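Trainee: Pasting coords-v6.cif here (mmCIF, C-alpha atoms):
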data_work
#
loop_
_atom_site.label_atom_id
_atom_site.label_comp_id
_atom_site.auth_asym_id
_atom_site.auth_seq_id
_atom_site.Cartn_x
_atom_site.Cartn_y
_atom_site.Cartn_z
CA MET A 1 -114.42 58.71 113.92
CA TRP A 2 -111.08 58.97 115.70
CA GLN A 3 -109.43 56.71 113.16
CA LEU A 4 -110.76 58.83 110.31
CA LEU A 5 -109.55 62.04 111.96
CA ALA A 6 -106.10 60.63 112.66
CA ALA A 7 -105.83 59.35 109.09
CA ALA A 8 -106.90 62.71 107.72
CA CYS A 9 -104.30 64.52 109.82
CA TRP A 10 -101.64 62.09 108.62
CA ILE A 11 -102.54 62.43 104.93
CA LEU A 12 -102.64 66.21 105.15
CA LEU A 13 -99.54 66.83 107.24
CA LEU A 14 -97.33 63.90 106.32
CA GLY A 15 -98.37 62.50 102.99
CA PRO A 16 -96.90 59.33 101.48
CA LEU A 17 -93.40 58.73 102.76
CA TYR A 18 -91.72 56.84 99.98
CA GLY A 19 -92.15 56.15 96.30
CA CYS A 20 -94.13 59.33 95.73
CA HIS A 21 -92.27 59.96 92.49
CA LYS A 22 -94.21 57.15 90.75
CA LYS A 23 -97.79 58.31 90.78
CA GLY A 24 -100.22 55.51 91.52
CA SER A 25 -97.46 52.94 91.96
CA THR A 26 -97.24 50.70 95.01
CA THR A 27 -94.13 48.82 93.91
CA ASN A 28 -91.42 51.30 94.86
CA PRO A 29 -88.92 49.33 96.96
CA GLU A 30 -88.30 52.27 99.30
CA ALA A 31 -91.86 51.90 100.60
CA HIS A 32 -90.68 49.00 102.75
CA MET A 33 -87.39 50.53 103.91
CA ASN A 34 -86.36 52.43 107.01
CA ILE A 35 -84.47 55.73 106.82
CA SER A 36 -81.01 54.16 106.73
CA GLN A 37 -82.04 51.76 104.00
CA VAL A 38 -83.50 54.51 101.83
CA ILE A 39 -80.30 56.55 102.08
CA SER A 40 -78.20 53.52 101.16
CA TYR A 41 -80.57 52.52 98.36
CA TRP A 42 -79.77 55.76 96.53
CA GLY A 43 -76.03 55.27 96.98
CA TYR A 44 -75.35 57.75 99.79
CA PRO A 45 -73.34 57.12 102.96
CA TYR A 46 -75.15 57.44 106.25
CA GLU A 47 -74.53 57.49 109.97
CA ASN A 48 -77.12 57.26 112.72
CA TYR A 49 -76.73 58.28 116.34
CA ASP A 50 -78.64 58.40 119.60
CA VAL A 51 -78.80 61.81 121.27
CA VAL A 52 -79.81 61.91 124.95
CA THR A 53 -81.63 65.02 126.15
CA LYS A 54 -81.30 66.52 129.64
CA ASP A 55 -84.70 65.09 130.57
CA GLY A 56 -83.77 61.59 129.43
CA TYR A 57 -85.28 61.17 125.96
CA VAL A 58 -83.22 59.27 123.40
CA LEU A 59 -83.49 60.83 119.95
CA GLY A 60 -82.52 59.00 116.79
CA ILE A 61 -80.75 61.33 114.34
CA TYR A 62 -79.31 60.65 110.89
CA ARG A 63 -76.36 62.02 108.98
CA ILE A 64 -75.46 62.03 105.30
CA PRO A 65 -71.82 63.14 105.60
CA HIS A 66 -71.27 63.72 101.89
CA GLY A 67 -72.77 63.11 98.48
CA ARG A 68 -72.33 60.24 96.09
CA GLY A 69 -68.80 59.68 94.82
CA CYS A 70 -65.61 60.90 96.47
CA PRO A 71 -66.12 62.95 99.65
CA ARG A 72 -64.66 66.43 99.85
CA THR A 73 -61.54 66.59 101.98
CA ASP A 74 -62.12 70.04 103.42
CA PRO A 75 -64.66 70.56 106.24
CA ARG A 76 -68.16 70.72 104.82
CA PRO A 77 -70.69 73.28 106.10
CA VAL A 78 -73.30 71.66 108.32
CA VAL A 79 -77.04 71.73 107.64
CA TYR A 80 -79.66 70.48 110.11
CA LEU A 81 -83.15 69.52 108.86
CA GLN A 82 -86.13 69.34 111.26
CA HIS A 83 -89.44 67.78 110.25
CA GLY A 84 -92.97 68.84 111.13
CA LEU A 85 -95.90 67.46 113.12
CA VAL A 86 -96.45 63.65 113.16
CA ALA A 87 -93.58 63.38 110.67
CA SER A 88 -89.96 62.21 110.69
CA ALA A 89 -86.58 62.63 109.04
CA SER A 90 -87.87 60.54 106.16
CA ASN A 91 -89.60 63.67 104.80
CA TRP A 92 -86.28 64.96 103.50
CA ILE A 93 -85.46 61.84 101.45
CA CYS A 94 -88.86 60.69 100.17
CA ASN A 95 -88.45 61.85 96.55
CA LEU A 96 -85.81 61.05 93.95
CA PRO A 97 -82.32 62.32 94.85
CA ASN A 98 -82.65 65.27 92.46
CA ASN A 99 -85.81 66.40 94.27
CA SER A 100 -85.10 65.52 97.92
CA LEU A 101 -83.51 68.33 99.94
CA ALA A 102 -81.20 66.11 102.01
CA PHE A 103 -79.72 64.44 98.94
CA LEU A 104 -79.39 67.71 97.03
CA LEU A 105 -77.52 69.31 99.92
CA ALA A 106 -75.19 66.32 100.27
CA ASP A 107 -74.39 66.37 96.54
CA THR A 108 -73.74 70.12 96.70
CA GLY A 109 -71.09 69.61 99.38
CA TYR A 110 -72.90 69.91 102.70
CA ASP A 111 -72.74 67.73 105.81
CA VAL A 112 -76.43 66.93 106.27
CA TRP A 113 -78.06 66.02 109.58
CA MET A 114 -81.73 65.09 110.05
CA GLY A 115 -83.49 65.14 113.41
CA ASN A 116 -86.43 63.21 114.85
CA SER A 117 -88.64 64.76 117.52
CA ARG A 118 -89.30 62.90 120.75
CA GLY A 119 -92.10 60.38 120.52
CA ASN A 120 -91.88 59.65 116.81
CA THR A 121 -90.98 56.24 115.41
CA TRP A 122 -87.23 56.87 115.57
CA SER A 123 -87.18 58.63 118.96
CA ARG A 124 -89.33 56.46 121.16
CA LYS A 125 -86.88 55.68 123.98
CA HIS A 126 -86.21 57.16 127.40
CA LEU A 127 -83.57 56.45 130.04
CA LYS A 128 -86.24 55.99 132.70
CA PHE A 129 -89.76 55.82 131.24
CA SER A 130 -91.34 53.25 128.94
CA PRO A 131 -93.43 54.46 125.97
CA LYS A 132 -96.24 52.53 127.64
CA SER A 133 -96.19 54.94 130.59
CA PRO A 134 -98.05 58.28 130.66
CA GLU A 135 -94.90 60.00 131.93
CA PHE A 136 -93.17 59.32 128.61
CA TRP A 137 -95.85 61.22 126.66
CA ALA A 138 -95.96 64.29 128.91
CA PHE A 139 -94.45 66.67 126.35
CA SER A 140 -95.26 69.09 123.56
CA VAL A 141 -93.34 71.55 121.40
CA ASP A 142 -92.18 73.26 124.62
CA GLU A 143 -89.92 70.35 125.50
CA MET A 144 -88.83 69.81 121.90
CA ALA A 145 -87.56 73.39 121.86
CA LYS A 146 -86.15 73.39 125.39
CA TYR A 147 -84.43 69.98 125.33
CA ASP A 148 -84.45 68.24 121.94
CA LEU A 149 -83.06 71.00 119.76
CA PRO A 150 -80.22 72.12 122.09
CA ALA A 151 -79.14 68.52 122.72
CA THR A 152 -79.13 67.71 119.01
CA ILE A 153 -77.25 70.83 117.95
CA ASP A 154 -74.72 70.39 120.77
CA PHE A 155 -74.14 66.82 119.58
CA ILE A 156 -73.65 67.92 115.96
CA VAL A 157 -71.23 70.68 116.95
CA GLU A 158 -69.18 68.25 119.03
CA LYS A 159 -69.16 65.60 116.31
CA THR A 160 -68.30 67.87 113.38
CA GLY A 161 -66.18 70.53 115.03
CA GLN A 162 -68.32 73.12 113.24
CA GLU A 163 -69.41 75.77 115.73
CA ARG A 164 -72.24 77.10 113.55
CA LEU A 165 -74.72 75.52 111.16
CA PHE A 166 -77.68 76.16 108.86
CA TYR A 167 -81.16 75.19 110.10
CA VAL A 168 -84.05 74.15 107.85
CA GLY A 169 -87.44 73.50 109.42
CA HIS A 170 -90.84 72.57 108.03
CA SER A 171 -94.09 73.38 109.84
CA GLN A 172 -93.66 72.33 113.50
CA GLY A 173 -89.92 72.22 112.77
CA THR A 174 -90.16 76.00 112.42
CA THR A 175 -92.29 76.31 115.58
CA ILE A 176 -89.62 74.56 117.62
CA ALA A 177 -86.98 76.88 116.17
CA PHE A 178 -88.98 80.05 116.82
CA ILE A 179 -89.33 79.04 120.47
CA ALA A 180 -85.73 77.88 120.93
CA PHE A 181 -84.03 80.74 119.11
CA SER A 182 -86.11 83.42 120.86
CA THR A 183 -85.62 82.00 124.38
CA ASN A 184 -82.08 80.58 124.14
CA PRO A 185 -79.71 83.29 122.81
CA GLU A 186 -76.63 81.06 123.11
CA LEU A 187 -78.25 78.42 120.92
CA ALA A 188 -79.38 81.09 118.45
CA LYS A 189 -75.75 82.22 118.00
CA ARG A 190 -74.95 78.82 116.52
CA ILE A 191 -77.38 79.29 113.61
CA LYS A 192 -76.08 80.91 110.44
CA ILE A 193 -79.46 81.16 108.70
CA PHE A 194 -82.87 79.80 109.68
CA PHE A 195 -84.78 78.56 106.61
CA ALA A 196 -88.48 78.33 107.50
CA LEU A 197 -90.72 76.29 105.20
CA ALA A 198 -94.47 76.67 105.86
CA PRO A 199 -93.76 78.43 109.19
CA VAL A 200 -96.28 78.06 112.01
CA ILE A 201 -96.60 79.89 115.31
CA THR A 202 -100.38 80.49 115.34
CA VAL A 203 -103.16 78.52 113.66
CA LYS A 204 -106.00 80.99 114.01
CA TYR A 205 -107.12 80.52 110.42
CA THR A 206 -106.27 76.87 109.85
CA HIS A 207 -108.80 74.69 108.05
CA SER A 208 -106.97 71.41 108.59
CA PRO A 209 -108.51 68.33 110.27
CA LEU A 210 -106.54 69.30 113.39
CA ARG A 211 -109.13 72.00 113.94
CA LYS A 212 -111.64 69.30 114.89
CA LEU A 213 -109.52 68.54 117.96
CA THR A 214 -110.43 71.91 119.42
CA ASN A 215 -114.08 70.93 119.74
CA LEU A 216 -113.32 68.03 122.06
CA SER A 217 -112.62 67.97 125.77
CA ARG A 218 -109.16 67.07 127.05
CA GLU A 219 -110.63 63.97 128.65
CA GLY A 220 -112.22 62.90 125.37
CA VAL A 221 -109.04 63.41 123.41
CA LYS A 222 -106.94 61.44 125.89
CA SER A 223 -109.23 58.36 125.71
CA ARG A 224 -107.91 57.03 122.34
CA LEU A 225 -105.84 59.59 120.39
CA ASP A 226 -102.53 58.34 121.73
CA VAL A 227 -103.28 54.93 120.25
CA TYR A 228 -104.18 56.25 116.83
CA MET A 229 -101.31 58.69 116.63
CA ALA A 230 -98.86 56.01 117.71
CA GLN A 231 -99.97 53.92 114.72
CA SER A 232 -99.17 56.65 112.21
CA PRO A 233 -95.77 56.47 110.46
CA ALA A 234 -94.18 58.77 113.02
CA GLY A 235 -96.53 59.80 115.83
CA THR A 236 -96.52 62.39 118.58
CA SER A 237 -98.02 62.85 122.04
CA VAL A 238 -101.59 63.65 122.98
CA GLN A 239 -100.24 66.59 124.96
CA ASN A 240 -98.65 68.00 121.82
CA MET A 241 -101.98 67.78 119.97
CA LEU A 242 -103.70 69.46 122.91
CA HIS A 243 -101.09 72.21 122.81
CA TRP A 244 -101.95 72.92 119.18
CA ALA A 245 -105.65 72.96 120.08
CA GLN A 246 -104.81 75.51 122.79
CA VAL A 247 -102.94 77.66 120.26
CA PHE A 248 -105.96 77.60 117.97
CA HIS A 249 -108.39 78.61 120.71
CA SER A 250 -106.23 81.34 122.21
CA GLY A 251 -104.61 82.71 119.07
CA LEU A 252 -101.46 83.09 121.16
CA PHE A 253 -97.95 81.73 120.72
CA GLN A 254 -97.78 80.42 124.25
CA ALA A 255 -96.39 77.52 126.29
CA PHE A 256 -98.63 74.59 127.16
CA ASP A 257 -101.27 75.30 129.81
CA TRP A 258 -101.01 72.50 132.35
CA GLY A 259 -104.62 73.07 133.39
CA ASN A 260 -104.38 74.85 136.73
CA PRO A 261 -102.28 77.58 138.39
CA TYR A 262 -100.50 75.10 140.66
CA GLN A 263 -99.20 72.98 137.80
CA ASN A 264 -98.27 76.06 135.78
CA MET A 265 -96.35 77.39 138.75
CA LEU A 266 -94.43 74.10 139.00
CA HIS A 267 -93.45 74.22 135.34
CA PHE A 268 -93.06 77.96 134.67
CA GLN A 269 -92.80 79.64 138.09
CA GLN A 270 -95.87 81.68 137.17
CA LEU A 271 -99.63 81.11 137.27
CA THR A 272 -100.19 81.21 133.51
CA PRO A 273 -98.10 79.82 130.64
CA PRO A 274 -95.52 82.29 129.32
CA LEU A 275 -95.91 83.85 125.90
CA TYR A 276 -93.19 83.31 123.31
CA ASN A 277 -91.89 86.55 121.81
CA VAL A 278 -90.64 85.93 118.27
CA THR A 279 -89.30 89.49 118.01
CA LYS A 280 -86.49 88.46 120.38
CA MET A 281 -85.09 86.05 117.80
CA GLU A 282 -81.96 87.53 116.22
CA VAL A 283 -81.25 84.76 113.70
CA PRO A 284 -81.26 85.74 109.99
CA THR A 285 -84.41 84.13 108.62
CA ALA A 286 -85.59 83.17 105.13
CA MET A 287 -89.21 82.06 104.74
CA TRP A 288 -91.36 80.31 102.16
CA SER A 289 -95.13 79.93 102.46
CA GLY A 290 -97.89 78.45 100.32
CA GLY A 291 -100.94 80.19 98.93
CA HIS A 292 -103.02 77.02 99.29
CA ASP A 293 -101.67 76.00 102.69
CA ILE A 294 -104.62 75.26 104.97
CA VAL A 295 -102.38 74.70 108.00
CA ALA A 296 -99.98 77.65 107.75
CA ASP A 297 -102.75 79.85 106.40
CA PRO A 298 -101.64 82.99 104.48
CA ARG A 299 -103.42 85.16 107.06
CA ASP A 300 -101.40 83.62 109.89
CA ILE A 301 -98.25 84.20 107.81
CA GLU A 302 -99.23 87.87 107.40
CA SER A 303 -99.34 88.22 111.17
CA LEU A 304 -95.98 86.49 111.58
CA LEU A 305 -93.93 88.43 109.01
CA PRO A 306 -93.73 91.80 110.85
CA ASN A 307 -92.39 90.02 113.95
CA ILE A 308 -89.34 88.52 112.24
CA THR A 309 -86.59 90.91 113.30
CA ARG A 310 -84.03 89.76 110.74
CA LEU A 311 -86.12 88.62 107.80
CA ILE A 312 -83.68 88.37 104.89
CA TYR A 313 -85.96 86.71 102.33
CA TYR A 314 -89.61 85.80 101.87
CA LYS A 315 -91.50 84.08 99.06
CA CYS A 316 -95.11 82.95 98.80
CA ILE A 317 -95.65 80.12 96.32
CA PRO A 318 -99.29 80.55 95.23
CA HIS A 319 -100.01 76.93 94.26
CA TYR A 320 -98.31 75.27 97.27
CA ASN A 321 -100.09 73.37 100.03
CA HIS A 322 -98.60 72.30 103.37
CA VAL A 323 -96.74 69.20 102.19
CA ASP A 324 -95.52 70.53 98.84
CA PHE A 325 -92.46 71.92 100.61
CA TYR A 326 -91.00 68.41 100.75
CA LEU A 327 -93.25 66.41 98.40
CA GLY A 328 -93.68 68.92 95.58
CA GLN A 329 -92.24 67.80 92.26
CA ASP A 330 -91.15 71.38 91.58
CA ALA A 331 -89.72 72.04 95.06
CA THR A 332 -86.17 72.08 93.70
CA GLN A 333 -87.02 74.93 91.34
CA GLU A 334 -89.38 76.77 93.68
CA ILE A 335 -87.29 76.51 96.88
CA TYR A 336 -84.21 74.32 97.10
CA GLN A 337 -82.03 75.91 94.41
CA HIS A 338 -82.40 79.37 95.92
CA LEU A 339 -82.03 78.04 99.46
CA ILE A 340 -78.71 76.42 98.50
CA ARG A 341 -77.53 79.59 96.74
CA MET A 342 -78.19 81.56 99.93
CA MET A 343 -76.08 79.06 101.87
CA GLU A 344 -73.28 79.29 99.35
CA ASP A 345 -73.37 83.11 99.42
CA TYR A 346 -73.09 83.00 103.20
CA CYS A 347 -70.17 80.58 103.14
#
Re-express the file's structure as structure tokens.
Mentor:
Amino acid sequence: MWQLLAAACWILLLGPLYGCHKKGSTTNPEAHMNISQVISYWGYPYENYDVVTKDGYVLGIYRIPHGRGCPRTDPRPVVYLQHGLVASASNWICNLPNNSLAFLLADTGYDVWMGNSRGNTWSRKHLKFSPKSPEFWAFSVDEMAKYDLPATIDFIVEKTGQERLFYVGHSQGTTIAFIAFSTNPELAKRIKIFFALAPVITVKYTHSPLRKLTNLSREGVKSRLDVYMAQSPAGTSVQNMLHWAQVFHSGLFQAFDWGNPYQNMLHFQQLTPPLYNVTKMEVPTAMWSGGHDIVADPRDIESLLPNITRLIYYKCIPHYNHVDFYLGQDATQEIYQHLIRMMEDYC
């Protein structure tokens, strides 16, 4: 049962990574490549780096510094792409170059960076803890927002000399941003525009397989889920899955409940987990949602919209589900072209 649930979550949230442009084909060479190899396969330059967070996690991030052909000599605006739950940077390069956001941005003249959240395939190292230890997996979106995102953006700023950048997030990639940009004003000042694809802060109305996790005890979940999730293409922690179950049950955009007042006091200096207040986020935000999205349900989106203080654009795509934002064959027409025009207007 656990294997079926994990597989269902993967198929729904992640989808096929490579070769999805040839329907029914299993012979696409990219299917057997890592991220660097896929970028090179399509003729793009790449760089990969290790970013160390303040709490010791080593994150693998990727850069496409320019498009195919001669690089531009002037400084290129920086764009950072952040994937969703149990996913990876590969989401942004899984289609043909004319329909993959990372490649489109590079060809348009942007300096493209792609992150990987702690615990996924490309960010499974720590300065002190082994991935075989429970200490390594003691994290959720709280730590991704508090440590991963600031460390990554600081690294990009130092490397490029660009003080500000564009941020594109999908699903949990938007959740991390909503937390970070509403609680860390200095980090928020570095973001020109936040582009939120299938944004998620509450999952009250979700119908995804993840909902099944909420019917199980913490002890039951911890028995085998870490094994199954680790075998998915990217993976995440049990604690992160429990955090999403908590969000579903409570209906609140709130930090992870460590289970008792003592532990909460150690982590938050208060007896209960703090609530995240999205209205405090001052970053200009453009959002796209899907009418058939069973994770970022339209009713949850309705609740989110009034809380976005600087909402500069919103579009609902009626026929889109949760993974169409990076797998959809019409994503360039429905999203990417306008997203890039907004960047160009800002620059």
Trainee: I'd like the interatomic distance between atom CA of Glu163 of chain A and atom CA of Ser88 of chain A, to a tenth of an Å.
Mentor: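 Atom-to-atom, atom CA of Glu163 of chain A to atom CA of Ser88 of chain A, that is 25.1 Å.
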Trainee: Could you give me, as CSV, a per-residue list for segment 47-92 of chain A showing, wherever an atom lies at most 10 Å from an atom of segment 119-141 of chain A, the closest pair of atoms and their distance in Å to one decimal, using all atoms listed in the file and sorting by chain then residue number from low to high?
Mentor:
residue,atom,partner,partner_atom,distance
A:Asp50,CA,A:Ser123,CA,8.6
A:Val51,CA,A:Ser123,CA,9.3
A:Val52,CA,A:His126,CA,8.3
A:Thr53,CA,A:His126,CA,9.2
A:Asp55,CA,A:His126,CA,8.7
A:Gly56,CA,A:Leu127,CA,5.2
A:Tyr57,CA,A:His126,CA,4.4
A:Val58,CA,A:Lys125,CA,5.2
A:Leu59,CA,A:Ser123,CA,4.4
A:Gly60,CA,A:Ser123,CA,5.2
A:Ile61,CA,A:Trp122,CA,8.0
A:Tyr62,CA,A:Trp122,CA,9.9
A:Leu85,CA,A:Asn120,CA,9.5
A:Val86,CA,A:Asn120,CA,7.1
A:Ala87,CA,A:Asn120,CA,7.4
A:Ser88,CA,A:Asn120,CA,6.9
A:Ala89,CA,A:Trp122,CA,8.7
Trainee: Determine the residue set returned by the PyMOL selection byres ((chain A and resi 182-193) around 9) for the present structure, and present it as a PyMOL selection string.
Mentor: chain A and resi 146+149-150+153-154+157+163-168+177-181+194-195+276-286+342-343+346
Trainee: Please measure the separation of atom CA of Gly290 of chain A and atom CA of Tyr205 of chain A, giving the value in Å to one decimal.
Mentor: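 So the two atoms, atom CA of Gly290 of chain A and atom CA of Tyr205 of chain A, lie 13.8 Å apart.
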Trainee: Atom CA of Tyr46 of chain A and atom CA of His32 of chain A are how many Å apart?
Mentor: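 So the two atoms, atom CA of Tyr46 of chain A and atom CA of His32 of chain A, lie 18.0 Å apart.
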Trainee: Once the PyMOL selection byres ((chain A and resi 197) around 12) has been applied to the shown file, what residues remain in the selection, as a PyMOL selection string?
Mentor: chain A and resi 81-84+101+167-175+177+194-196+198-200+285-290+293+296+301+313-317+320-326+331+334-336+339
Trainee: Return as a count of residues only the set of residues that the PyMOL selection byres ((chain A and resi 249) around 10) yields on the displayed structure.
Mentor: 15
Trainee: Rank nothing, just name the residue among A:Gly328, A:Gly69, A:Pro274, A:Pro77 nearest to Trp113 of chain A, using only C-alpha atoms.
Mentor: A:Pro77
Trainee: Looking at only C-alpha atoms, which of A:Val79, A:Leu271, A:Leu304, A:Leu327 is the one that sits closest to Asn91 of chain A?
Mentor: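 Counting only C-alpha atoms, the residue closest to Asn91 of chain A is A:Leu327.
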Trainee: Find the residue from A:His267, A:Arg341, A:Arg310, A:Arg299 that sits nearest to Thr206 of chain A; use only C-alpha atoms when measuring.
Mentor: A:Arg299
Trainee: (-70.2, 56.2, 106.2) in this file's frame - what residues fall within 9 Å of it? Use all atoms listed in the file and give the answer as an MDAnalysis selection string.
Mentor: chainID A and resid 44:47 63:66
Trainee: For a quick check of understanding, using all atoms listed in the file, which of A:Ala106, A:Ile176, A:Gln270, A:Ile340 has the smallest distance to Asp257 of chain A?
Mentor: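 Looking at the shortest contact to Asp257 of chain A, the residue is A:Gln270.
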